[in-house]
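A.B. asks: Structure supplied as my_file-v7.cif; contents: mmCIF, C-alpha atoms and all ligand atoms.
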```cif
data_run
#
loop_
_atom_site.group_PDB
_atom_site.id
_atom_site.type_symbol
_atom_site.label_atom_id
_atom_site.label_comp_id
_atom_site.auth_asym_id
_atom_site.auth_seq_id
_atom_site.Cartn_x
_atom_site.Cartn_y
_atom_site.Cartn_z
ATOM 1 C CA MET A 1 76.968 152.584 85.769
ATOM 2 C CA SER A 2 76.455 150.327 88.785
ATOM 3 C CA LYS A 3 77.557 146.742 88.788
ATOM 4 C CA ALA A 4 73.963 145.546 89.213
ATOM 5 C CA ARG A 5 72.930 147.506 86.128
ATOM 6 C CA ASN A 6 75.774 146.002 84.119
ATOM 7 C CA ILE A 7 74.613 142.526 85.032
ATOM 8 C CA GLY A 8 71.096 143.490 83.942
ATOM 9 C CA VAL A 9 72.343 144.628 80.539
ATOM 10 C CA VAL A 10 74.315 141.405 80.081
ATOM 11 C CA ALA A 11 71.278 139.323 81.061
ATOM 12 C CA VAL A 12 69.097 141.114 78.501
ATOM 13 C CA ALA A 13 71.770 140.650 75.827
ATOM 14 C CA ILE A 14 71.986 136.926 76.598
ATOM 15 C CA ALA A 15 68.201 136.610 76.488
ATOM 16 C CA ILE A 16 68.076 138.270 73.060
ATOM 17 C CA LEU A 17 70.860 136.013 71.829
ATOM 18 C CA LEU A 18 69.067 132.875 73.071
ATOM 19 C CA LEU A 19 65.843 134.033 71.423
ATOM 20 C CA ALA A 20 67.677 134.582 68.139
ATOM 21 C CA VAL A 21 69.236 131.099 68.342
ATOM 22 C CA ALA A 22 65.818 129.585 69.094
ATOM 23 C CA LEU A 23 64.250 131.352 66.118
ATOM 24 C CA VAL A 24 67.005 130.285 63.735
ATOM 25 C CA SER A 25 67.071 126.652 64.885
ATOM 26 C CA GLY A 26 63.260 126.544 64.785
ATOM 27 C CA ARG A 27 63.326 127.651 61.188
ATOM 28 C CA LEU A 28 65.963 125.074 60.316
ATOM 29 C CA ALA A 29 63.934 122.338 61.963
ATOM 30 C CA HIS A 30 60.903 123.157 59.839
ATOM 31 C CA SER A 31 62.558 123.523 56.457
ATOM 32 C CA ALA A 32 63.748 120.392 54.696
ATOM 33 C CA PRO A 33 67.430 120.345 53.797
ATOM 34 C CA ALA A 34 67.902 120.747 50.041
ATOM 35 C CA GLN A 35 69.941 117.563 49.831
ATOM 36 C CA LEU A 36 68.968 114.080 50.815
ATOM 37 C CA ALA A 37 71.319 112.834 53.541
ATOM 38 C CA VAL A 38 72.353 109.501 55.020
ATOM 39 C CA SER A 39 73.573 109.440 58.630
ATOM 40 C CA ASP A 40 74.468 107.118 61.523
ATOM 41 C CA ALA A 41 75.404 104.165 59.327
ATOM 42 C CA VAL A 42 76.272 101.105 61.398
ATOM 43 C CA ILE A 43 76.888 97.473 60.532
ATOM 44 C CA ARG A 44 76.158 94.940 63.230
ATOM 45 C CA LEU A 45 78.422 91.980 62.609
ATOM 46 C CA GLY A 46 77.025 88.448 62.576
ATOM 47 C CA VAL A 47 76.622 86.645 65.898
ATOM 48 C CA VAL A 48 79.058 83.984 64.697
ATOM 49 C CA PRO A 49 81.291 84.067 61.608
ATOM 50 C CA GLY A 50 79.318 83.100 58.535
ATOM 51 C CA ARG A 51 76.036 84.541 59.817
ATOM 52 C CA PRO A 52 74.762 87.590 57.951
ATOM 53 C CA ALA A 53 75.450 91.047 59.305
ATOM 54 C CA ALA A 54 72.776 93.718 59.609
ATOM 55 C CA GLY A 55 73.031 97.337 58.523
ATOM 56 C CA TYR A 56 71.272 100.390 59.943
ATOM 57 C CA PHE A 57 71.204 104.095 59.025
ATOM 58 C CA THR A 58 68.926 107.098 58.840
ATOM 59 C CA LEU A 59 67.723 108.659 55.597
ATOM 60 C CA SER A 60 66.775 112.331 55.708
ATOM 61 C CA GLY A 61 64.707 113.377 52.724
ATOM 62 C CA GLY A 62 65.758 116.502 50.833
ATOM 63 C CA ALA A 63 63.583 119.165 49.209
ATOM 64 C CA GLN A 64 62.417 116.680 46.572
ATOM 65 C CA PRO A 65 60.999 113.216 47.184
ATOM 66 C CA ASP A 66 63.366 110.442 46.202
ATOM 67 C CA ARG A 67 63.493 106.669 46.249
ATOM 68 C CA LEU A 68 66.192 104.310 47.482
ATOM 69 C CA LEU A 69 66.692 101.711 44.763
ATOM 70 C CA GLY A 70 69.317 99.557 46.416
ATOM 71 C CA VAL A 71 72.414 99.252 48.554
ATOM 72 C CA ALA A 72 75.669 97.670 47.439
ATOM 73 C CA SER A 73 79.057 96.770 48.857
ATOM 74 C CA SER A 74 82.167 95.796 46.934
ATOM 75 C CA VAL A 75 82.907 93.039 49.475
ATOM 76 C CA ALA A 76 79.489 91.570 50.289
ATOM 77 C CA ARG A 77 75.976 91.019 48.981
ATOM 78 C CA VAL A 78 73.431 93.419 50.447
ATOM 79 C CA GLU A 79 69.645 93.080 50.586
ATOM 80 C CA MET A 80 67.063 95.510 51.949
ATOM 81 C CA HIS A 81 64.645 93.821 54.356
ATOM 82 C CA GLU A 82 61.780 94.818 56.536
ATOM 83 C CA THR A 83 60.759 93.058 59.739
ATOM 84 C CA ILE A 84 56.999 92.778 59.910
ATOM 85 C CA LEU A 85 54.621 91.259 62.411
ATOM 86 C CA ALA A 86 52.284 88.806 60.668
ATOM 87 C CA ASN A 87 49.924 86.474 62.538
ATOM 88 C CA GLY A 88 51.779 87.164 65.759
ATOM 89 C CA ARG A 89 55.138 86.238 64.256
ATOM 90 C CA MET A 90 58.026 88.458 63.269
ATOM 91 C CA ARG A 91 59.268 87.786 59.810
ATOM 92 C CA MET A 92 61.483 89.328 57.161
ATOM 93 C CA THR A 93 60.336 90.516 53.829
ATOM 94 C CA PRO A 94 62.668 91.858 51.120
ATOM 95 C CA MET A 95 62.130 95.426 49.932
ATOM 96 C CA LYS A 96 62.860 96.340 46.311
ATOM 97 C CA THR A 97 62.735 100.106 46.871
ATOM 98 C CA VAL A 98 62.157 102.514 49.756
ATOM 99 C CA ASP A 99 60.385 105.844 49.255
ATOM 100 C CA VAL A 100 62.037 108.866 50.870
ATOM 101 C CA PRO A 101 59.449 111.678 51.002
ATOM 102 C CA ALA A 102 60.705 115.284 51.023
ATOM 103 C CA GLY A 103 61.822 116.367 54.471
ATOM 104 C CA ARG A 104 60.978 113.039 56.091
ATOM 105 C CA ARG A 105 63.217 110.757 58.119
ATOM 106 C CA ILE A 106 63.299 107.069 57.339
ATOM 107 C CA ALA A 107 65.098 104.928 59.883
ATOM 108 C CA PHE A 108 66.708 101.596 59.133
ATOM 109 C CA ALA A 109 66.786 100.246 62.679
ATOM 110 C CA PRO A 110 66.512 96.996 64.672
ATOM 111 C CA GLY A 111 62.994 95.603 64.448
ATOM 112 C CA GLY A 112 62.135 97.489 61.253
ATOM 113 C CA LYS A 113 63.774 98.213 57.941
ATOM 114 C CA HIS A 114 67.332 96.934 57.827
ATOM 115 C CA LEU A 115 70.091 95.757 55.565
ATOM 116 C CA MET A 116 71.018 92.111 55.454
ATOM 117 C CA ILE A 117 74.664 91.704 54.526
ATOM 118 C CA PHE A 118 75.822 88.321 53.292
ATOM 119 C CA GLY A 119 79.411 87.185 52.927
ATOM 120 C CA LEU A 120 81.094 90.057 54.718
ATOM 121 C CA PRO A 121 84.789 89.064 55.102
ATOM 122 C CA ALA A 122 85.661 87.682 58.552
ATOM 123 C CA SER A 123 88.517 90.197 58.609
ATOM 124 C CA VAL A 124 86.020 93.002 59.282
ATOM 125 C CA ARG A 125 86.268 93.738 63.014
ATOM 126 C CA PRO A 126 84.293 96.024 65.336
ATOM 127 C CA GLY A 127 85.389 99.611 64.787
ATOM 128 C CA ASP A 128 86.277 99.057 61.119
ATOM 129 C CA ASP A 129 84.796 101.203 58.373
ATOM 130 C CA VAL A 130 82.710 99.442 55.752
ATOM 131 C CA ARG A 131 81.863 101.271 52.557
ATOM 132 C CA LEU A 132 78.367 101.064 51.170
ATOM 133 C CA VAL A 133 76.879 102.707 48.115
ATOM 134 C CA LEU A 134 73.220 103.694 48.311
ATOM 135 C CA THR A 135 71.617 104.268 44.916
ATOM 136 C CA PHE A 136 68.710 106.695 44.698
ATOM 137 C CA GLU A 137 66.406 107.406 41.783
ATOM 138 C CA LYS A 138 67.262 111.127 41.741
ATOM 139 C CA ALA A 139 70.323 111.610 43.974
ATOM 140 C CA GLY A 140 72.151 108.773 42.197
ATOM 141 C CA ALA A 141 74.952 106.862 43.915
ATOM 142 C CA VAL A 142 75.639 108.069 47.465
ATOM 143 C CA PRO A 143 78.737 106.560 49.134
ATOM 144 C CA VAL A 144 78.346 105.953 52.864
ATOM 145 C CA THR A 145 80.867 104.792 55.447
ATOM 146 C CA ALA A 146 79.339 102.483 58.056
ATOM 147 C CA ILE A 147 81.063 101.605 61.324
ATOM 148 C CA ALA A 148 81.169 97.918 62.217
ATOM 149 C CA ARG A 149 79.893 96.969 65.661
ATOM 150 C CA SER A 150 80.040 93.621 67.422
ATOM 151 C CA ALA A 151 76.897 91.471 67.503
ATOM 152 C CA THR A 152 76.811 91.569 71.299
ATOM 153 C CA ASP A 153 76.679 95.373 71.270
ATOM 154 C CA ALA A 154 73.024 95.428 70.318
ATOM 155 C CA ALA A 155 71.982 91.794 70.652
ATOM 156 C CA LYS A 156 69.397 92.408 73.356
ATOM 157 C CA ASP A 157 67.038 94.462 71.189
ATOM 158 C CA ASP A 158 67.666 92.432 68.104
ATOM 159 C CA PRO A 159 64.884 90.400 66.541
ATOM 160 C CA HIS A 160 67.418 89.439 63.932
ATOM 161 C CA ALA A 161 69.643 87.182 65.962
ATOM 162 C CA GLY A 162 67.957 84.007 64.733
ATOM 163 C CA HIS A 163 67.662 85.103 61.147
HETATM 164 CU CU CU B 201 66.718 90.475 57.318
#
```
Please lay out the structure from this file as structure tokens.

C.D. replies:
Amino acid sequence: MSKARNIGVVAVAIAILLLAVALVSGRLAHSAPAQLAVSDAVIRLGVVPGRPAAGYFTLSGGAQPDRLLGVASSVARVEMHETILANGRMRMTPMKTVDVPAGRRIAFAPGGKHLMIFGLPASVRPGDDVRLVLTFEKAGAVPVTAIARSATDAAKDDPHAGH
């Protein structure tokens, strides 16, 4: 077999492999994971000590719809808020529950849904882990570890700074 032919065989094999990977990942992308998941949990510390911190994460709905009933911490008081634009002004409104439809992503992110964390100990520094417990109607209590970040890390895109 010539060298050129060998290279041709390898190229075809790689193409088939890539196609297989594309098919598998495409299928995964379209089917909801069976389990609800919480990812990318971050706590943005208060601008100055004593100011509330904010919490962000992503909810990925499982095969069944679920509902987030609340978030708790053993060291602080946590509320769920949503930033809404009303009459040209941004304002916060508390959320009692958050629906998590099957297979859908719900982002808690700056400028939208977020956690407001009151009374977080001043000893919590950037890089520290902070434990939260998210309680869902069906999934029950889901422990989540959030990473603390400094206020200045994300201050520029933060409508929350004056909250
Ligand atoms: Cu808020």

A.B. asks: Go through the shown structure with the PyMOL selection byres (((not hetatm)) within 6 of (chain B and resi 201)) and write out the matching residues as a count of residues only.

C.D. replies: 3

A.B. asks: For CA of Val78 (chain A) and CA of Pro65 (chain A), quote the distance in Å rounded to one decimal.

C.D. replies: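 So the answer is 23.6 Å.
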
A.B. asks: Just the number, please: distance in Å from CA of Phe108 (chain A) to CA of Thr58 (chain A), one decimal.

C.D. replies: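 About the pair CA of Phe108 (chain A) and CA of Thr58 (chain A): they are 5.9 Å apart.
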
A.B. asks: Measuring between all atoms listed in the file, which one of A:Glu137, A:Asp66, A:Asp153, A:Glu82 shows the shortest distance to Met95 (chain A)?

C.D. replies: A:Glu82

A.B. asks: Hey, what's within 10 Å of Met80 (chain A) if we count all atoms listed in the file and toss same-chain stuff fewer than 3 positions away? As a VMD selection string, please?

C.D. replies: chain A and resid 54 to 55 68 to 72 92 to 98 108 113 to 117

A.B. asks: As a check of understanding, name the residues that the PyMOL selection byres (((chain A and resi 141) around 12) and not hetatm) selects in the supplied structure, as a VMD selection string.

C.D. replies: chain A and resid 36 to 38 67 to 73 132 to 140 142 to 144
